[in-house]
Amino acid sequence: MPVRFRLKDPTLSATLRKIEHLVRHQGGRTWLVGGCVRDLVLGQQPRDLDLEIAGLPPGQLHALLSEHFSVQFVGKAFAVFKLHGLPIDISIPSRILIDESTSISGLVRQADPGMAIDEALARRDFTINAMAWDPDTRELRDPFNGRKDLDAHVLRHVSHRFTEDPLRVLRGMQLSARFELTAAQETITLCQTLSQDTQPRERLWEEWKKLLLRGHKPSMGLRFLQQCGWLRFYPELAAIQGCPQDPIWHPEGDVWIHTLHCLDWFATERTGNDQDDLVIGLGVLCHDFGKPATTREDDGRITSRGHEPAGEPPTRSFLERLTNQQEVTDEVLPLMLCHLRPRALYDAKASDSAVRRLARQVKRLDRLIRVARADHAGRPPKPFDGFPAGEWLLDRARKLEIEDHAPVPILKGRHLLELGVPPGPDMGRLLDDCYEAQLDGEFSTVEAGLLYAKQKLSALC
């Protein structure tokens with residue numbers, strides 16, 4: 001029975017019609033496959049399209065596409081085409097040439113344009129991604145009951161070919177989080193036999209980003225990873241399992257459970273700014289990494305004094321395992337190191353100077369407040385009170401105009417040059433002195449800053 005789907009994006013829709021028409025007139029057949037079909041079945045609009053073209057050899061398809069699009073040809077023995085400027089990937093069915101039991105089998109493929117669509121789908125990862133739809137005939141192929149598993153919220157691998165790419169375990173992590181799926185026991189058992197040891201961190205990073213940026217319930221993704229035994233590759237996460245917390249402040253349980261609640265709260269407050277959301281999500285994920293090293297029982301109370309600074313080494317280790325982007329680590333670390341400060345400043349009704357100094361340390365108070373808010377909220381059944389400390393600090397930061405950046409130095413080298421201070425160490429020390437005075441509120445204009453600098457120079461003479 002034909003199934004009708006509609007792409008609302010006019011560019012994607014028109015491009016798909018054009019490709020399907022060109023391929024059909026050359027004797028081939030176009031199938032939408034994978035995640036875009038899954039999204040359409042769910043009534044969602046896909047962000048991008050994956051097409052599989054049957055019946056045309058790579059050279060012929062390349063020539064055909066190149067007449068109408070700017071095409072990047074990826075792969076040697078097998079063919080994948082990317083259309084420049086369009087979120088569309090096009091591939092030809094391929095088959096494995098070496099022993100399918102080896103972990104590197106996915107690296108040796110050969111295009112097979114004559115492969116039946118059901119056989120091609122059998123080589124995909126999960127049943128929910130093993131559906132194909134023909135936009136011409138509107139035929140939906142679902143040989144592994146992916147629609148049924150979607151309806152039942154079940155994550156199930158397609159076949160023994162799942163082991164061809166161990167990264168599929170992390171794909172299962174982010175899919176579980178995005179679609180609130182519970183893994184079939186046979187899938188968990190199979191995942192327990194796999195390892196990420198040979199996987200480049202660039203591939204790991206992409207799956208973790210999807211967990212944090214698109215996961216509706218990140219906790220479900222991390223629980224899947226736990227069930228699969230894959231926390232052994234993330235010792236920082238493994239360490240927070242069973243790490244106790246004071247039940248008065250944390251009635252929800254140990255640090256692992258708390259972190260899962262925090263992440264789920266964070267996911268409800270994403271803004272859609274991927275860079276902000278990613279850094280904040282990582283800050284939430286890592287915020288209590290220092291607790292296993294600092295948790296003690298003191299007079300019958302469980303404490304973790306000093307867990308913020310103690311969290312720096314494990315946070316660095318965790319992030320370095322996922323990405324070589326130093327700027328990500330540099331942006332996440334201050335959020336982890338200072339996640340208790342909003343509440344501390346609020347309780348102390350701290351001065352403008354203290355707020356400015358915190359902004360200098362973290363650079364983005366707005367991000368810090370979101371991490372602290374998730375930390376405060378992730379304690380059910382303790383009721384969430386709206387986190388007044390965050391609202392207070394955000395209001396102060398806005399009034400001081402330092403909500404999303406560190407205080408900008410008012411006096412710069414050129415100003416001191418005008419006062420006759422030559423470049424060198426003495427100028428650097430004086431600039432530092434002036435900046436500290438600015439943070440303390442001793443001046444707020446260039447004119448007042450110059451007067452302060454003159455007084456400092458006079459005192460040195």
# chains A, B, ... in the order shown; residues from 1 in each chain; ligands from 1
call {"tool": "residues_around", "arguments": {"residues": "A:Val355", "least_positions_apart": "2", "cutoff": "12 Å", "atoms": "only C-alpha atoms", "output": "ChimeraX atom specification"}}
result
/A:341-346,348-353,357-365,392-403,406-407,439-441
call {"tool": "select_by_dssp", "arguments": {"residues": "stretch 282-386 of chain A", "states": "helix (DSSP H, G or I)", "output": "ChimeraX atom specification"}}
result
/A:282-286,291-294,307-310,312-322,326-337,341-348,352-362,365-377
call {"tool": "residues_around", "arguments": {"residues": "A:Arg203", "least_positions_apart": "6", "cutoff": "10 Å", "atoms": "only C-alpha atoms", "output": "number ranges by chain"}}
result
A: 167, 170, 322-323
call {"tool": "write_last_selection", "arguments": {"atoms": "C-alpha atoms", "output": "tab-separated table (two decimals), in the first residue's frame"}}
result
chain	number	residue	atom	x	y	z
A	167	LEU	CA	30.49	3.21	16.74
A	170	LEU	CA	27.26	5.46	20.54
A	322	LEU	CA	36.35	13.23	22.69
A	323	THR	CA	37.84	16.19	20.86
call {"tool": "residues_around", "arguments": {"residues": "A:Thr295", "least_positions_apart": "4", "cutoff": "9 Å", "atoms": "only C-alpha atoms", "output": "number ranges by chain"}}
result
A: 243-245, 290-291, 302-305, 307
call {"tool": "closest_residue", "arguments": {"among": "A:Leu42, A:Ala54, A:Ala354, A:Val371", "to": "A:Ser91", "atoms": "only C-alpha atoms"}}
result
A:Ala54
call {"tool": "residues_around", "arguments": {"residues": "A:Asp254", "least_positions_apart": "2", "cutoff": "10 Å", "atoms": "only C-alpha atoms", "output": "list in words"}}
result
Ile240, Gln241, Gly242, Cys243, Pro244, Gln245, Asp246, Pro247, His250, Pro251, Glu252, Trp256, Ile257, His258 and Thr259 of chain A
call {"tool": "residues_around", "arguments": {"residues": "A:Leu340", "least_positions_apart": "5", "cutoff": "9 Å", "atoms": "only C-alpha atoms", "output": "list in words"}}
result
Glu308, Leu345, Ala372 and Asp375 of chain A
call {"tool": "write_last_selection", "arguments": {"atoms": "N, CA and C atoms", "output": "tab-separated table (two decimals), in the first residue's frame"}}
result
chain	number	residue	atom	x	y	z
A	308	GLU	N	34.82	21.16	43.22
A	308	GLU	CA	34.97	21.96	41.99
A	308	GLU	C	36.41	21.89	41.46
A	345	LEU	N	27.45	33.64	45.84
A	345	LEU	CA	27.37	35.10	45.73
A	345	LEU	C	26.00	35.60	46.17
A	372	ALA	N	24.42	26.09	36.64
A	372	ALA	CA	24.04	26.09	38.05
A	372	ALA	C	22.55	25.83	38.22
A	375	ASP	N	21.95	22.17	37.80
A	375	ASP	CA	22.44	21.50	39.01
A	375	ASP	C	21.41	21.63	40.14
call {"tool": "residues_around", "arguments": {"residues": "A:Arg156", "least_positions_apart": "2", "cutoff": "10 Å", "atoms": "only C-alpha atoms", "output": "number ranges by chain"}}
result
A: 125-129, 144-146, 149-150, 153-154, 158-159, 172, 181-188
call {"tool": "write_last_selection", "arguments": {"atoms": "N, CA and C atoms", "output": "PDB file, in the first residue's frame"}}
result
ATOM      1  N   ASP A 125      22.037  -0.075  10.759  1.00  0.00           N
ATOM      2  CA  ASP A 125      22.293  -0.307  12.182  1.00  0.00           C
ATOM      3  C   ASP A 125      21.071  -0.790  12.956  1.00  0.00           C
ATOM      4  N   PHE A 126      20.041   0.056  13.075  1.00  0.00           N
ATOM      5  CA  PHE A 126      18.885  -0.266  13.898  1.00  0.00           C
ATOM      6  C   PHE A 126      17.629  -0.353  13.034  1.00  0.00           C
ATOM      7  N   THR A 127      16.673  -1.105  13.508  1.00  0.00           N
ATOM      8  CA  THR A 127      15.455  -1.319  12.723  1.00  0.00           C
ATOM      9  C   THR A 127      14.761  -0.002  12.401  1.00  0.00           C
ATOM     10  N   ILE A 128      14.814   0.968  13.319  1.00  0.00           N
ATOM     11  CA  ILE A 128      14.138   2.240  13.075  1.00  0.00           C
ATOM     12  C   ILE A 128      14.809   3.025  11.962  1.00  0.00           C
ATOM     13  N   ASN A 129      16.044   2.661  11.620  1.00  0.00           N
ATOM     14  CA  ASN A 129      16.764   3.298  10.520  1.00  0.00           C
ATOM     15  C   ASN A 129      16.820   2.407   9.285  1.00  0.00           C
ATOM     16  N   PHE A 144      12.221  -5.052   8.514  1.00  0.00           N
ATOM     17  CA  PHE A 144      12.640  -5.420   9.873  1.00  0.00           C
ATOM     18  C   PHE A 144      11.741  -4.795  10.945  1.00  0.00           C
ATOM     19  N   ASN A 145      10.553  -4.355  10.507  1.00  0.00           N
ATOM     20  CA  ASN A 145       9.529  -3.859  11.436  1.00  0.00           C
ATOM     21  C   ASN A 145       9.990  -2.649  12.238  1.00  0.00           C
ATOM     22  N   GLY A 146      10.632  -1.726  11.541  1.00  0.00           N
ATOM     23  CA  GLY A 146      11.080  -0.506  12.197  1.00  0.00           C
ATOM     24  C   GLY A 146       9.929   0.346  12.707  1.00  0.00           C
ATOM     25  N   ASP A 149       8.778  -1.043  15.988  1.00  0.00           N
ATOM     26  CA  ASP A 149       9.706  -0.716  17.072  1.00  0.00           C
ATOM     27  C   ASP A 149       9.618   0.760  17.453  1.00  0.00           C
ATOM     28  N   LEU A 150       9.403   1.636  16.475  1.00  0.00           N
ATOM     29  CA  LEU A 150       9.210   3.049  16.787  1.00  0.00           C
ATOM     30  C   LEU A 150       7.981   3.236  17.665  1.00  0.00           C
ATOM     31  N   HIS A 153       8.711   2.153  21.079  1.00  0.00           N
ATOM     32  CA  HIS A 153       9.877   2.825  21.661  1.00  0.00           C
ATOM     33  C   HIS A 153      10.981   1.819  22.003  1.00  0.00           C
ATOM     34  N   VAL A 154      11.270   0.951  21.036  1.00  0.00           N
ATOM     35  CA  VAL A 154      12.288  -0.081  21.208  1.00  0.00           C
ATOM     36  C   VAL A 154      13.453   0.193  20.266  1.00  0.00           C
ATOM     37  N   VAL A 158      19.568  -4.483  13.593  1.00  0.00           N
ATOM     38  CA  VAL A 158      18.956  -5.135  12.437  1.00  0.00           C
ATOM     39  C   VAL A 158      19.424  -6.576  12.301  1.00  0.00           C
ATOM     40  N   SER A 159      20.742  -6.775  12.364  1.00  0.00           N
ATOM     41  CA  SER A 159      21.276  -8.114  12.107  1.00  0.00           C
ATOM     42  C   SER A 159      22.665  -8.229  12.719  1.00  0.00           C
ATOM     43  N   GLY A 172      23.486   4.328  19.113  1.00  0.00           N
ATOM     44  CA  GLY A 172      22.360   3.879  19.923  1.00  0.00           C
ATOM     45  C   GLY A 172      22.154   4.768  21.138  1.00  0.00           C
ATOM     46  N   LEU A 181      13.999   5.719  23.593  1.00  0.00           N
ATOM     47  CA  LEU A 181      13.932   4.305  23.258  1.00  0.00           C
ATOM     48  C   LEU A 181      14.576   3.464  24.349  1.00  0.00           C
ATOM     49  N   THR A 182      14.005   2.300  24.583  1.00  0.00           N
ATOM     50  CA  THR A 182      14.588   1.317  25.480  1.00  0.00           C
ATOM     51  C   THR A 182      15.148   0.183  24.635  1.00  0.00           C
ATOM     52  N   ALA A 183      16.389  -0.169  24.865  1.00  0.00           N
ATOM     53  CA  ALA A 183      17.064  -1.150  24.013  1.00  0.00           C
ATOM     54  C   ALA A 183      16.571  -2.565  24.301  1.00  0.00           C
ATOM     55  N   ALA A 184      16.418  -3.345  23.232  1.00  0.00           N
ATOM     56  CA  ALA A 184      16.125  -4.765  23.366  1.00  0.00           C
ATOM     57  C   ALA A 184      17.316  -5.450  24.025  1.00  0.00           C
ATOM     58  N   GLN A 185      17.032  -6.475  24.827  1.00  0.00           N
ATOM     59  CA  GLN A 185      18.107  -7.139  25.554  1.00  0.00           C
ATOM     60  C   GLN A 185      19.137  -7.735  24.610  1.00  0.00           C
ATOM     61  N   GLU A 186      18.701  -8.273  23.472  1.00  0.00           N
ATOM     62  CA  GLU A 186      19.657  -8.876  22.543  1.00  0.00           C
ATOM     63  C   GLU A 186      20.591  -7.824  21.949  1.00  0.00           C
ATOM     64  N   THR A 187      20.097  -6.598  21.816  1.00  0.00           N
ATOM     65  CA  THR A 187      20.943  -5.509  21.325  1.00  0.00           C
ATOM     66  C   THR A 187      21.970  -5.113  22.381  1.00  0.00           C
ATOM     67  N   ILE A 188      21.543  -5.030  23.626  1.00  0.00           N
ATOM     68  CA  ILE A 188      22.477  -4.727  24.712  1.00  0.00           C
ATOM     69  C   ILE A 188      23.558  -5.793  24.792  1.00  0.00           C
TER      70      ILE A 188
END
call {"tool": "select_by_dssp", "arguments": {"residues": "stretch 209-325 of chain A", "states": "strand (DSSP E or B)", "output": "list in words"}}
result
Arg296, Glu297, Asp298, Arg301, Ile302 and Thr303 of chain A
call {"tool": "write_last_selection", "arguments": {"atoms": "N, CA and C atoms", "output": "PDB file, in the first residue's frame"}}
result
ATOM      1  N   ARG A 296      33.304  12.569  51.476  1.00  0.00           N
ATOM      2  CA  ARG A 296      33.651  12.032  52.790  1.00  0.00           C
ATOM      3  C   ARG A 296      32.397  12.010  53.661  1.00  0.00           C
ATOM      4  N   GLU A 297      32.452  11.184  54.719  1.00  0.00           N
ATOM      5  CA  GLU A 297      31.409  11.234  55.744  1.00  0.00           C
ATOM      6  C   GLU A 297      31.972  11.973  56.941  1.00  0.00           C
ATOM      7  N   ASP A 298      31.287  13.036  57.326  1.00  0.00           N
ATOM      8  CA  ASP A 298      31.776  13.918  58.388  1.00  0.00           C
ATOM      9  C   ASP A 298      30.667  14.109  59.414  1.00  0.00           C
ATOM     10  N   ARG A 301      27.324  13.233  58.197  1.00  0.00           N
ATOM     11  CA  ARG A 301      26.889  13.946  56.996  1.00  0.00           C
ATOM     12  C   ARG A 301      27.866  13.665  55.868  1.00  0.00           C
ATOM     13  N   ILE A 302      27.342  13.509  54.686  1.00  0.00           N
ATOM     14  CA  ILE A 302      28.181  13.274  53.504  1.00  0.00           C
ATOM     15  C   ILE A 302      28.529  14.620  52.894  1.00  0.00           C
ATOM     16  N   THR A 303      29.813  14.867  52.707  1.00  0.00           N
ATOM     17  CA  THR A 303      30.273  16.130  52.132  1.00  0.00           C
ATOM     18  C   THR A 303      31.197  15.859  50.951  1.00  0.00           C
TER      19      THR A 303
END
